[in-house]
2 protein chains.
Amino acid sequence: MEPALKQALSEAADAVNDQLDQLLPPGEGGAEARLHEAMRYASLDGGKRLRPFLLLSAAELFRVSRSSALRAAAAIEMVHCYSLVHDDLPCMDDDDLRRGRPTCHRKFDEATALLAGDALLTRAFDVLAHPDTHADPAVRCELVRELAGAAGFHGMVAGQMLDLMAGDTPMDMAAVTRLQQLKTGRLIAFSCEAGAILGKAPHQLRHCLRAYAHDLGLAFQITDDLLDVEGSAEEVGKAVGKDEAAGKVTFVSLLGPERARAQAEMLADQAARHLDPFEERAEPLRAVARFVVTRRN
Amino acid sequence: MEPALKQALSEAADAVNDQLDQLLPPGEGGAEARLHEAMRYASLDGGKRLRPFLLLSAAELFRVSRSSALRAAAAIEMVHCYSLVHDDLPCMDDDDLRRGRPTCHRKFDEATALLAGDALLTRAFDVLAHPDTHADPAVRCELVRELAGAAGFHGMVAGQMLDLMAGDTPMDMAAVTRLQQLKTGRLIAFSCEAGAILGKAPHQLRHCLRAYAHDLGLAFQITDDLLDVEGSAEEVGKAVGKDEAAGKVTFVSLLGPERARAQAEMLADQAARHLDPFEERAEPLRAVARFVVTRRN
């Protein structure tokens with residue numbers, strides 16, 4: 001990873017972690033402490049915090065206050081983490097390992113993981129609608145609605161449903177692309193657009209960010225598919241080879257690894273070009289585009 | 001049930017059903033139709049719609065438009081139904097029957113039920129934050145926050161967690177009361193308060209509704225415990241005798257059926273008295289208080 005991006009990602013991850021720490025229940029005392037601990041386990045100290053970084057970087061383009069952007073970034077990360085907790089459950093992907101640690105239901109139990117996911121999702125909307133996130137309630141409502149749209153039955157949850165059925169369905173490039181757009185693309189796009197919403201950005205610039213996020217999300221997912229084929233569990237931090245074992249059609253199974261990699265690189269280049277109107281101020285977002293196709297985990 | 005209440009409940013249930021029908025995805029076409037069907041199965045055509053009725057009745061006290069109140073009522077019912085779907089899952093209560101029909105995961109499968117619950121919860125916030133729910137975005141934000149508070153880690157989800165652990169913990173009246181306040185009381189209270197929020201009611205009148213909801217919620221839950229002991233599955237529409245089988249401490253196991261019934265009736269009377277400031281306009285809410293302690297399902 002480029003050193004400047006590495007440092008920026010790391011600083012953002014620390015700040016988001018602190019913000020999450022403040023926004024989540026303390027996890028001590030009271031009979032429901034187990035629930036609160038599971039919420040913290042599932043969301044603190046883990047992951048690259050890519051979505052929060054996208055939000056923080058996009059928000060900076062429009063001079064959004066750091067405290068507003070961090071709250072929104074924490075909300076997105078809560079939704080991302082809830083989706084991982086539910087996705088890992090035995091009735092879904094049945095995964096034991098996540099970010100190199102036991103998954104939430106392995107560390108606690110299924111019921112606790114289910115409820116911790118529910119509570120993280122609920123808390124995200126609470127945080128977005130709170131006056132501290134933005135002085136203008138119309139902006140807060142827009143954030144709530146856009147997040148719900150990205151995460152709900154026409155977004156991420158629909159993508160999870162399609163993914164579950166993917167083993168049984170013949171899929172072509174269009175179908176795999178749509179699945180990934182829903183499952184991961186919509187939340188990545190919201191991460192970028194939320195910065196524009198917070199900054200009341202002009203429609204045209206918001207559109208540039210959406211186009212960037214669209215290409216970035218696909219490049220990210222193609223690389224994920226490549227890592228599932230080429231990476232080791234130790235390196236990637238979760239089980240690999242699962243797509244093939246499940247008979248799932250992926251970008252790699254459709255295109256082969258070489259064409260898949262070329263496609264991801266092409267998309268990353270294209271993503272970066274959508275940022276031209278922001279000139280050098282969008283450099284962190286360009287670095288992310290370069291990173292997502294070269295990452296090893 | 002009193003005939004006037006029966007008719008009012010039935011009319012409200014029909015209106016909420018129509019509203020839910022409009023707000024949920026159509027459940028046909030597209031590979032994610034299964035998800036959408038499960039959302040509809042879990043929320044349409046079932047239940048007494050008690051929470052929506054409370055909201056609609058409270059909203060009428062403050063001359064809230066019917067269309068605003070119906071949208072908020074549908075959102076609350078989505079959250080209630082999501083909680084039932086997740087509560088019924090094998091890792092939670094493992095129930096096969098709900099409202100006299102197979103539970104969502106028995107009708108579909110566990111993964112689909114999990115996702116349908118997630119999607120219903122997400123959709124509820126989307127609906128509340130939409131401009132059609134109220135012209136003032138500050139009101140919409142308050143609805144989102146109050147619902148998240150009632151449903152989240154300091155509300156319903158915490159209650160579900162406590163309920164899961166209830167078989168292992170010695171509990172007294174205070175502990176059982178707190179569990180029920182969280183698990184069912186908070187959402188019932190929000191149903192009443194949401195009417196006041198939509199109507200920008202004076203603080204004092206909002207407080208009366210909260211006090212009414214507090215006592216009503218407890219009366220409701222004590223009656224639920226009584227039905228679990230005294231009712232038949234056919235009558236109640238779900239499995240009975242489950243609390244005792246699970247070794248759970250309930251109001252009935254602590255007080256015995258006679259004192260429990262007397263307590264429920266005392267609470268229902270007290271609930272009705274909190275409505276005095278509204279004079280005869282609160283008659284539907286008073287009828288609900290009389291109903292919840294005499295119901296057979």
# chains A, B, ... in the order shown; residues from 1 in each chain; ligands from 1
>>> residues_around(residues="Glu146 in chain B", least_positions_apart="5", cutoff="9 Å", atoms="only C-alpha atoms", output="list of chain:residue names")
A:Asp126, B:Cys141, B:Ala151, B:Phe190, B:Glu193, B:Ala194
>>> interface_residues(of="chain B", to="chain A", cutoff="9 Å", atoms="only C-alpha atoms", output="CSV table (one decimal) with N, CA and C atoms, in the first residue's frame")
chain,number,residue,atom,x,y,z
B,25,PRO,N,-42.3,-4.1,-1.0
B,25,PRO,CA,-42.1,-4.5,-2.4
B,25,PRO,C,-43.2,-5.5,-2.8
B,31,ALA,N,-35.2,-12.0,-9.1
B,31,ALA,CA,-34.7,-13.1,-8.3
B,31,ALA,C,-34.9,-12.9,-6.8
B,32,GLU,N,-35.0,-11.7,-6.4
B,32,GLU,CA,-35.2,-11.4,-4.9
B,32,GLU,C,-36.6,-11.5,-4.5
B,34,ARG,N,-38.4,-13.8,-3.5
B,34,ARG,CA,-38.5,-14.6,-2.3
B,34,ARG,C,-38.4,-13.8,-1.0
B,35,LEU,N,-37.4,-12.9,-1.0
B,35,LEU,CA,-37.2,-12.0,0.1
B,35,LEU,C,-38.4,-11.1,0.3
B,36,HIS,N,-38.9,-10.6,-0.8
B,36,HIS,CA,-40.0,-9.7,-0.7
B,36,HIS,C,-41.3,-10.4,-0.3
B,86,HIS,N,-37.5,-12.6,14.0
B,86,HIS,CA,-36.2,-13.0,14.6
B,86,HIS,C,-36.4,-13.8,15.9
B,89,LEU,N,-37.0,-17.6,15.4
B,89,LEU,CA,-35.9,-18.4,14.7
B,89,LEU,C,-35.5,-19.5,15.7
B,90,PRO,N,-34.9,-20.6,15.1
B,90,PRO,CA,-34.5,-21.7,15.9
B,90,PRO,C,-33.5,-21.3,17.0
B,91,CYS,N,-32.6,-20.3,16.7
B,91,CYS,CA,-31.6,-19.9,17.7
B,91,CYS,C,-32.2,-19.1,18.8
B,92,MET,N,-33.4,-18.6,18.6
B,92,MET,CA,-34.1,-17.8,19.7
B,92,MET,C,-35.2,-18.7,20.3
B,109,ASP,N,-37.4,-20.3,4.9
B,109,ASP,CA,-36.2,-21.0,5.4
B,109,ASP,C,-35.6,-20.0,6.4
B,110,GLU,N,-34.6,-20.4,7.1
B,110,GLU,CA,-34.0,-19.6,8.2
B,110,GLU,C,-33.4,-18.3,7.6
B,111,ALA,N,-32.6,-18.5,6.5
B,111,ALA,CA,-31.8,-17.4,6.0
B,111,ALA,C,-32.8,-16.3,5.4
B,112,THR,N,-33.8,-16.8,4.7
B,112,THR,CA,-34.8,-15.9,4.2
B,112,THR,C,-35.5,-15.1,5.3
B,114,LEU,N,-34.4,-14.5,8.3
B,114,LEU,CA,-33.4,-13.6,8.9
B,114,LEU,C,-33.3,-12.3,8.1
B,115,LEU,N,-33.2,-12.4,6.8
B,115,LEU,CA,-33.1,-11.3,5.9
B,115,LEU,C,-34.4,-10.5,5.8
B,116,ALA,N,-35.5,-11.2,5.8
B,116,ALA,CA,-36.8,-10.5,5.7
B,116,ALA,C,-37.0,-9.6,7.0
B,118,ASP,N,-34.4,-8.3,8.8
B,118,ASP,CA,-33.5,-7.2,8.6
B,118,ASP,C,-34.1,-6.1,7.7
B,119,ALA,N,-34.7,-6.6,6.6
B,119,ALA,CA,-35.3,-5.7,5.6
B,119,ALA,C,-36.5,-4.9,6.1
B,120,LEU,N,-37.3,-5.6,6.9
B,120,LEU,CA,-38.5,-4.9,7.5
B,120,LEU,C,-38.0,-3.8,8.5
B,121,LEU,N,-37.0,-4.1,9.3
B,121,LEU,CA,-36.5,-3.1,10.2
B,121,LEU,C,-35.9,-1.9,9.5
B,122,THR,N,-35.2,-2.2,8.4
B,122,THR,CA,-34.6,-1.1,7.6
B,122,THR,C,-35.6,-0.2,7.0
B,123,ARG,N,-36.6,-0.9,6.4
B,123,ARG,CA,-37.7,-0.2,5.7
B,123,ARG,C,-38.4,0.8,6.7
B,124,ALA,N,-38.6,0.3,7.9
B,124,ALA,CA,-39.3,1.2,8.9
B,124,ALA,C,-38.7,2.6,9.0
B,125,PHE,N,-37.4,2.6,9.1
B,125,PHE,CA,-36.7,3.9,9.2
B,125,PHE,C,-36.8,4.7,7.9
B,126,ASP,N,-36.8,4.0,6.8
B,126,ASP,CA,-36.9,4.7,5.5
B,126,ASP,C,-38.3,5.4,5.4
B,127,VAL,N,-39.3,4.7,5.9
B,127,VAL,CA,-40.7,5.2,5.8
B,127,VAL,C,-40.8,6.4,6.7
B,128,LEU,N,-40.3,6.3,8.0
B,128,LEU,CA,-40.4,7.5,8.9
B,128,LEU,C,-39.7,8.7,8.4
B,129,ALA,N,-38.5,8.5,7.7
B,129,ALA,CA,-37.7,9.7,7.3
B,129,ALA,C,-38.2,10.3,6.0
B,130,HIS,N,-39.2,9.7,5.4
B,130,HIS,CA,-39.7,10.2,4.1
B,130,HIS,C,-40.6,11.4,4.3
B,131,PRO,N,-40.4,12.4,3.4
B,131,PRO,CA,-41.3,13.6,3.6
B,131,PRO,C,-42.8,13.4,3.7
B,136,ASP,N,-42.4,18.4,8.4
B,136,ASP,CA,-41.2,19.0,9.2
B,136,ASP,C,-40.1,17.9,9.4
B,137,PRO,N,-38.9,18.1,8.8
B,137,PRO,CA,-37.9,17.0,8.9
B,137,PRO,C,-37.5,16.8,10.4
B,138,ALA,N,-37.6,17.9,11.2
B,138,ALA,CA,-37.2,17.7,12.6
B,138,ALA,C,-38.1,16.7,13.3
B,139,VAL,N,-39.4,16.7,12.9
B,139,VAL,CA,-40.3,15.7,13.4
B,139,VAL,C,-40.0,14.3,13.0
B,140,ARG,N,-39.6,14.2,11.7
B,140,ARG,CA,-39.2,12.9,11.2
B,140,ARG,C,-38.0,12.4,11.9
B,141,CYS,N,-37.0,13.2,12.1
B,141,CYS,CA,-35.8,12.8,12.8
B,141,CYS,C,-36.1,12.3,14.2
B,142,GLU,N,-37.1,13.0,14.9
B,142,GLU,CA,-37.4,12.6,16.2
B,142,GLU,C,-38.1,11.3,16.2
B,144,VAL,N,-37.5,8.9,14.0
B,144,VAL,CA,-36.5,7.9,13.8
B,144,VAL,C,-35.7,7.6,15.1
B,145,ARG,N,-35.3,8.6,15.8
B,145,ARG,CA,-34.6,8.5,17.0
B,145,ARG,C,-35.3,7.8,18.1
B,146,GLU,N,-36.6,8.1,18.2
B,146,GLU,CA,-37.4,7.5,19.3
B,146,GLU,C,-37.7,6.0,19.0
B,147,LEU,N,-37.9,5.8,17.7
B,147,LEU,CA,-38.1,4.3,17.3
B,147,LEU,C,-36.8,3.5,17.6
B,148,ALA,N,-35.7,4.1,17.1
B,148,ALA,CA,-34.4,3.4,17.3
B,148,ALA,C,-34.2,3.2,18.8
B,149,GLY,N,-34.5,4.2,19.6
B,149,GLY,CA,-34.3,4.0,21.1
B,149,GLY,C,-35.1,2.9,21.6
B,151,ALA,N,-36.4,0.4,20.0
B,151,ALA,CA,-36.2,-0.9,19.4
B,151,ALA,C,-34.8,-1.5,19.6
B,152,GLY,N,-33.9,-0.6,20.0
B,152,GLY,CA,-32.5,-1.0,20.0
B,152,GLY,C,-31.9,-1.6,21.3
B,153,PHE,N,-30.6,-1.3,21.5
B,153,PHE,CA,-29.9,-2.0,22.6
B,153,PHE,C,-30.2,-1.5,24.0
B,154,HIS,N,-31.0,-0.4,24.1
B,154,HIS,CA,-31.5,0.0,25.3
B,154,HIS,C,-33.0,-0.2,25.4
B,157,VAL,N,-34.4,-4.9,21.8
B,157,VAL,CA,-33.3,-5.9,21.6
B,157,VAL,C,-32.7,-6.3,23.0
B,158,ALA,N,-32.5,-5.3,23.9
B,158,ALA,CA,-32.0,-5.7,25.2
B,158,ALA,C,-33.0,-6.6,25.9
B,159,GLY,N,-34.3,-6.3,25.7
B,159,GLY,CA,-35.4,-7.2,26.4
B,159,GLY,C,-35.3,-8.6,25.8
B,160,GLN,N,-35.1,-8.7,24.5
B,160,GLN,CA,-35.0,-10.0,23.9
B,160,GLN,C,-33.8,-10.8,24.5
B,161,MET,N,-32.7,-10.0,24.7
B,161,MET,CA,-31.5,-10.6,25.2
B,161,MET,C,-31.7,-11.1,26.7
B,162,LEU,N,-32.4,-10.3,27.5
B,162,LEU,CA,-32.7,-10.6,28.9
B,162,LEU,C,-33.6,-11.8,28.9
B,164,LEU,N,-33.8,-14.2,26.7
B,164,LEU,CA,-33.0,-15.4,26.4
B,164,LEU,C,-32.4,-16.0,27.6
B,165,MET,N,-31.9,-15.1,28.5
B,165,MET,CA,-31.1,-15.5,29.6
B,165,MET,C,-32.0,-15.7,30.8
>>> residues_around(residues="Leu44 in chain B", least_positions_apart="5", cutoff="8 Å", atoms="only C-alpha atoms", output="list in words")
Asn17, Leu20 and Asp21 of chain B
>>> closest_residue(among="A:Ala8, A:Leu255, A:Leu198, A:Ala75", to="Ala287 in chain A", atoms="only C-alpha atoms")
A:Ala8
>>> select_by_dssp(residues="range 26-105 of chain A", states="alpha helix (DSSP H)", output="VMD selection string")
chain A and resid 33 to 43 50 to 61 66 to 88 104 to 105
>>> write_last_selection(atoms="N, CA and C atoms", output="short mmCIF file (atom, residue, chain, number, x, y, z; two decimals), in the first residue's frame")
data_model
loop_
_atom_site.label_atom_id
_atom_site.label_comp_id
_atom_site.auth_asym_id
_atom_site.auth_seq_id
_atom_site.Cartn_x
_atom_site.Cartn_y
_atom_site.Cartn_z
N ALA A 33 -25.28 -6.91 29.37
CA ALA A 33 -23.88 -6.63 29.01
C ALA A 33 -23.39 -7.54 27.89
N ARG A 34 -23.88 -8.78 27.87
CA ARG A 34 -23.46 -9.72 26.84
C ARG A 34 -23.81 -9.21 25.43
N LEU A 35 -25.01 -8.65 25.31
CA LEU A 35 -25.41 -8.06 24.03
C LEU A 35 -24.47 -6.92 23.64
N HIS A 36 -24.20 -6.06 24.61
CA HIS A 36 -23.36 -4.90 24.33
C HIS A 36 -21.94 -5.32 24.00
N GLU A 37 -21.44 -6.32 24.70
CA GLU A 37 -20.10 -6.83 24.38
C GLU A 37 -20.05 -7.38 22.95
N ALA A 38 -21.09 -8.08 22.57
CA ALA A 38 -21.11 -8.65 21.21
C ALA A 38 -21.15 -7.55 20.16
N MET A 39 -21.89 -6.47 20.44
CA MET A 39 -21.92 -5.33 19.51
C MET A 39 -20.52 -4.74 19.36
N ARG A 40 -19.82 -4.62 20.47
CA ARG A 40 -18.47 -4.05 20.44
C ARG A 40 -17.49 -5.00 19.75
N TYR A 41 -17.62 -6.28 20.06
CA TYR A 41 -16.73 -7.28 19.46
C TYR A 41 -16.87 -7.25 17.93
N ALA A 42 -18.11 -7.11 17.48
CA ALA A 42 -18.37 -7.18 16.04
C ALA A 42 -17.95 -5.92 15.30
N SER A 43 -17.72 -4.84 16.02
CA SER A 43 -17.50 -3.59 15.29
C SER A 43 -16.22 -2.84 15.66
N LEU A 50 -12.73 0.73 5.29
CA LEU A 50 -12.72 1.33 3.95
C LEU A 50 -13.90 2.28 3.76
N ARG A 51 -15.09 1.85 4.17
CA ARG A 51 -16.28 2.68 3.97
C ARG A 51 -16.18 4.00 4.75
N PRO A 52 -15.79 3.93 6.04
CA PRO A 52 -15.59 5.20 6.76
C PRO A 52 -14.55 6.09 6.09
N PHE A 53 -13.48 5.48 5.59
CA PHE A 53 -12.45 6.29 4.94
C PHE A 53 -13.01 6.99 3.71
N LEU A 54 -13.81 6.26 2.93
CA LEU A 54 -14.44 6.88 1.76
C LEU A 54 -15.32 8.05 2.18
N LEU A 55 -16.09 7.85 3.23
CA LEU A 55 -16.98 8.93 3.69
C LEU A 55 -16.17 10.13 4.16
N LEU A 56 -15.16 9.87 4.97
CA LEU A 56 -14.36 10.98 5.50
C LEU A 56 -13.66 11.74 4.37
N SER A 57 -13.15 10.99 3.40
CA SER A 57 -12.44 11.62 2.28
C SER A 57 -13.41 12.41 1.41
N ALA A 58 -14.57 11.85 1.16
CA ALA A 58 -15.56 12.58 0.35
C ALA A 58 -16.04 13.82 1.10
N ALA A 59 -16.25 13.69 2.41
CA ALA A 59 -16.74 14.83 3.20
C ALA A 59 -15.74 15.97 3.18
N GLU A 60 -14.46 15.64 3.15
CA GLU A 60 -13.43 16.69 3.14
C GLU A 60 -13.50 17.54 1.86
N LEU A 61 -13.95 16.92 0.78
CA LEU A 61 -14.07 17.66 -0.48
C LEU A 61 -15.05 18.82 -0.34
N ARG A 66 -15.39 17.64 10.80
CA ARG A 66 -14.87 16.31 11.10
C ARG A 66 -15.82 15.54 12.02
N SER A 67 -16.42 16.21 12.98
CA SER A 67 -17.28 15.49 13.93
C SER A 67 -18.54 14.96 13.24
N SER A 68 -19.11 15.73 12.32
CA SER A 68 -20.26 15.23 11.55
C SER A 68 -19.86 14.01 10.73
N ALA A 69 -18.77 14.14 10.03
CA ALA A 69 -18.35 13.06 9.13
C ALA A 69 -18.04 11.79 9.92
N LEU A 70 -17.41 11.95 11.08
CA LEU A 70 -17.07 10.76 11.87
C LEU A 70 -18.31 10.04 12.39
N ARG A 71 -19.33 10.79 12.77
CA ARG A 71 -20.57 10.14 13.22
C ARG A 71 -21.20 9.35 12.07
N ALA A 72 -21.27 9.96 10.91
CA ALA A 72 -21.85 9.26 9.77
C ALA A 72 -21.00 8.05 9.39
N ALA A 73 -19.68 8.21 9.48
CA ALA A 73 -18.77 7.10 9.17
C ALA A 73 -19.00 5.94 10.14
N ALA A 74 -19.18 6.26 11.40
CA ALA A 74 -19.43 5.21 12.40
C ALA A 74 -20.75 4.50 12.11
N ALA A 75 -21.75 5.27 11.69
CA ALA A 75 -23.06 4.67 11.38
C ALA A 75 -22.93 3.67 10.22
N ILE A 76 -22.20 4.08 9.18
CA ILE A 76 -22.01 3.17 8.04
C ILE A 76 -21.26 1.92 8.48
N GLU A 77 -20.25 2.09 9.30
CA GLU A 77 -19.49 0.93 9.74
C GLU A 77 -20.36 -0.01 10.59
N MET A 78 -21.27 0.55 11.38
CA MET A 78 -22.20 -0.29 12.14
C MET A 78 -23.04 -1.16 11.19
N VAL A 79 -23.51 -0.54 10.12
CA VAL A 79 -24.33 -1.29 9.16
C VAL A 79 -23.48 -2.35 8.46
N HIS A 80 -22.27 -1.99 8.08
CA HIS A 80 -21.38 -2.97 7.45
C HIS A 80 -21.13 -4.14 8.41
N CYS A 81 -20.83 -3.83 9.67
CA CYS A 81 -20.53 -4.90 10.63
C CYS A 81 -21.75 -5.77 10.93
N TYR A 82 -22.92 -5.13 11.03
CA TYR A 82 -24.15 -5.93 11.22
C TYR A 82 -24.31 -6.92 10.07
N SER A 83 -24.04 -6.45 8.85
CA SER A 83 -24.25 -7.34 7.69
C SER A 83 -23.27 -8.51 7.74
N LEU A 84 -22.06 -8.26 8.22
CA LEU A 84 -21.08 -9.36 8.32
C LEU A 84 -21.53 -10.36 9.39
N VAL A 85 -21.98 -9.85 10.54
CA VAL A 85 -22.41 -10.74 11.63
C VAL A 85 -23.55 -11.65 11.15
N HIS A 86 -24.54 -11.08 10.49
CA HIS A 86 -25.66 -11.89 10.01
C HIS A 86 -25.22 -12.82 8.87
N ASP A 87 -24.36 -12.32 7.99
CA ASP A 87 -23.87 -13.14 6.88
C ASP A 87 -23.08 -14.35 7.36
N ASP A 88 -22.41 -14.21 8.48
CA ASP A 88 -21.57 -15.30 8.99
C ASP A 88 -22.36 -16.39 9.72
N CYS A 104 -18.72 -13.64 15.29
CA CYS A 104 -19.45 -13.22 16.49
C CYS A 104 -20.23 -14.39 17.11
N HIS A 105 -20.87 -15.20 16.26
CA HIS A 105 -21.67 -16.30 16.84
C HIS A 105 -20.77 -17.42 17.37
#
>>> closest_residue(among="B:Ala268, B:Lys200, B:Ala239, B:Glu230", to="Ala213 in chain B", atoms="only C-alpha atoms")
B:Ala268
>>> atom_distance(atom1="CA of Arg178 in chain B", atom2="CA of Leu218 in chain B")
9.9 Å
>>> atom_distance(atom1="CA of Val292 in chain A", atom2="CA of Leu216 in chain A")
7.8 Å
>>> residues_around(residues="Arg261 in chain B", least_positions_apart="6", cutoff="9 Å", atoms="only C-alpha atoms", output="list of chain:residue names")
B:Ala219, B:Ile222, B:Thr223, B:Leu226, B:Val252, B:Val293
>>> residues_around(residues="Gly47 in chain B", least_positions_apart="5", cutoff="10 Å", atoms="only C-alpha atoms", output="JSON, numbers by chain")
{"B": [13, 77, 81, 98, 99, 100, 237, 297]}
>>> closest_residue(among="B:Phe251, B:Asp276, B:Cys192, B:Cys208", to="Met171 in chain B", atoms="only C-alpha atoms")
B:Phe251
>>> select_by_dssp(residues="range 91-284 of chain A", states="strand (DSSP E or B)", output="count of residues only")
4
>>> residues_around(residues="Arg295 in chain A", least_positions_apart="4", cutoff="9 Å", atoms="only C-alpha atoms", output="list in words")
Met1, Thr223, Leu227, Arg290 and Phe291 of chain A
>>> write_last_selection(atoms="N, CA and C atoms", output="compact mmCIF listing (two decimals), in the first residue's frame")
# COMPACT_ATOMS: atom_id res chain seq x y z
N MET A 1 0.84 -1.20 0.00
CA MET A 1 0.00 0.00 0.00
C MET A 1 0.87 1.25 0.00
N THR A 223 -11.68 -8.03 -7.15
CA THR A 223 -10.47 -8.36 -6.40
C THR A 223 -10.79 -9.33 -5.26
N LEU A 227 -9.04 -12.87 -4.66
CA LEU A 227 -8.42 -13.27 -3.39
C LEU A 227 -8.99 -14.60 -2.91
N ARG A 290 -6.51 2.86 -6.46
CA ARG A 290 -5.31 2.07 -6.79
C ARG A 290 -5.14 0.91 -5.81
N PHE A 291 -5.47 1.18 -4.55
CA PHE A 291 -5.26 0.18 -3.51
C PHE A 291 -6.19 -1.03 -3.66
>>> decode(residues="range 127-171 of chain A", atoms="C-alpha atoms", output="PDB file, in the first residue's frame")
ATOM      1  CA  VAL A 127     -26.801   8.115  15.148  1.00  0.00           C
ATOM      2  CA  LEU A 128     -27.633   9.567  11.725  1.00  0.00           C
ATOM      3  CA  ALA A 129     -30.865  11.182  12.940  1.00  0.00           C
ATOM      4  CA  HIS A 130     -29.201  12.806  15.973  1.00  0.00           C
ATOM      5  CA  PRO A 131     -28.695  16.596  15.826  1.00  0.00           C
ATOM      6  CA  ASP A 132     -24.955  16.162  16.426  1.00  0.00           C
ATOM      7  CA  THR A 133     -24.633  14.566  12.977  1.00  0.00           C
ATOM      8  CA  HIS A 134     -25.823  17.693  11.148  1.00  0.00           C
ATOM      9  CA  ALA A 135     -27.532  20.916  12.147  1.00  0.00           C
ATOM     10  CA  ASP A 136     -30.097  20.601   9.349  1.00  0.00           C
ATOM     11  CA  PRO A 137     -32.715  17.896  10.021  1.00  0.00           C
ATOM     12  CA  ALA A 138     -33.482  17.636   6.291  1.00  0.00           C
ATOM     13  CA  VAL A 139     -29.880  16.504   5.751  1.00  0.00           C
ATOM     14  CA  ARG A 140     -30.218  13.956   8.542  1.00  0.00           C
ATOM     15  CA  CYS A 141     -33.435  12.593   7.047  1.00  0.00           C
ATOM     16  CA  GLU A 142     -31.753  12.283   3.664  1.00  0.00           C
ATOM     17  CA  LEU A 143     -28.911  10.308   5.240  1.00  0.00           C
ATOM     18  CA  VAL A 144     -31.388   7.979   6.957  1.00  0.00           C
ATOM     19  CA  ARG A 145     -33.310   7.388   3.753  1.00  0.00           C
ATOM     20  CA  GLU A 146     -30.241   6.891   1.562  1.00  0.00           C
ATOM     21  CA  LEU A 147     -28.715   4.461   4.050  1.00  0.00           C
ATOM     22  CA  ALA A 148     -31.990   2.544   4.346  1.00  0.00           C
ATOM     23  CA  GLY A 149     -32.210   2.378   0.568  1.00  0.00           C
ATOM     24  CA  ALA A 150     -28.635   1.150   0.245  1.00  0.00           C
ATOM     25  CA  ALA A 151     -28.975  -1.418   3.027  1.00  0.00           C
ATOM     26  CA  GLY A 152     -32.546  -2.658   2.583  1.00  0.00           C
ATOM     27  CA  PHE A 153     -34.677  -4.789   0.308  1.00  0.00           C
ATOM     28  CA  HIS A 154     -33.617  -2.955  -2.844  1.00  0.00           C
ATOM     29  CA  GLY A 155     -29.973  -2.894  -1.738  1.00  0.00           C
ATOM     30  CA  MET A 156     -27.667  -4.938   0.442  1.00  0.00           C
ATOM     31  CA  VAL A 157     -30.272  -7.331   1.853  1.00  0.00           C
ATOM     32  CA  ALA A 158     -31.492  -8.090  -1.680  1.00  0.00           C
ATOM     33  CA  GLY A 159     -27.866  -8.779  -2.624  1.00  0.00           C
ATOM     34  CA  GLN A 160     -27.472 -11.176   0.302  1.00  0.00           C
ATOM     35  CA  MET A 161     -30.622 -12.966  -0.817  1.00  0.00           C
ATOM     36  CA  LEU A 162     -29.367 -13.256  -4.403  1.00  0.00           C
ATOM     37  CA  ASP A 163     -26.011 -14.470  -3.105  1.00  0.00           C
ATOM     38  CA  LEU A 164     -27.722 -17.226  -1.107  1.00  0.00           C
ATOM     39  CA  MET A 165     -29.506 -18.416  -4.232  1.00  0.00           C
ATOM     40  CA  ALA A 166     -26.464 -17.974  -6.474  1.00  0.00           C
ATOM     41  CA  GLY A 167     -25.398 -21.615  -6.217  1.00  0.00           C
ATOM     42  CA  ASP A 168     -28.709 -22.749  -7.721  1.00  0.00           C
ATOM     43  CA  THR A 169     -29.020 -20.209 -10.515  1.00  0.00           C
ATOM     44  CA  PRO A 170     -27.139 -19.957 -13.816  1.00  0.00           C
ATOM     45  CA  MET A 171     -25.647 -16.453 -13.855  1.00  0.00           C
TER      46      MET A 171
END
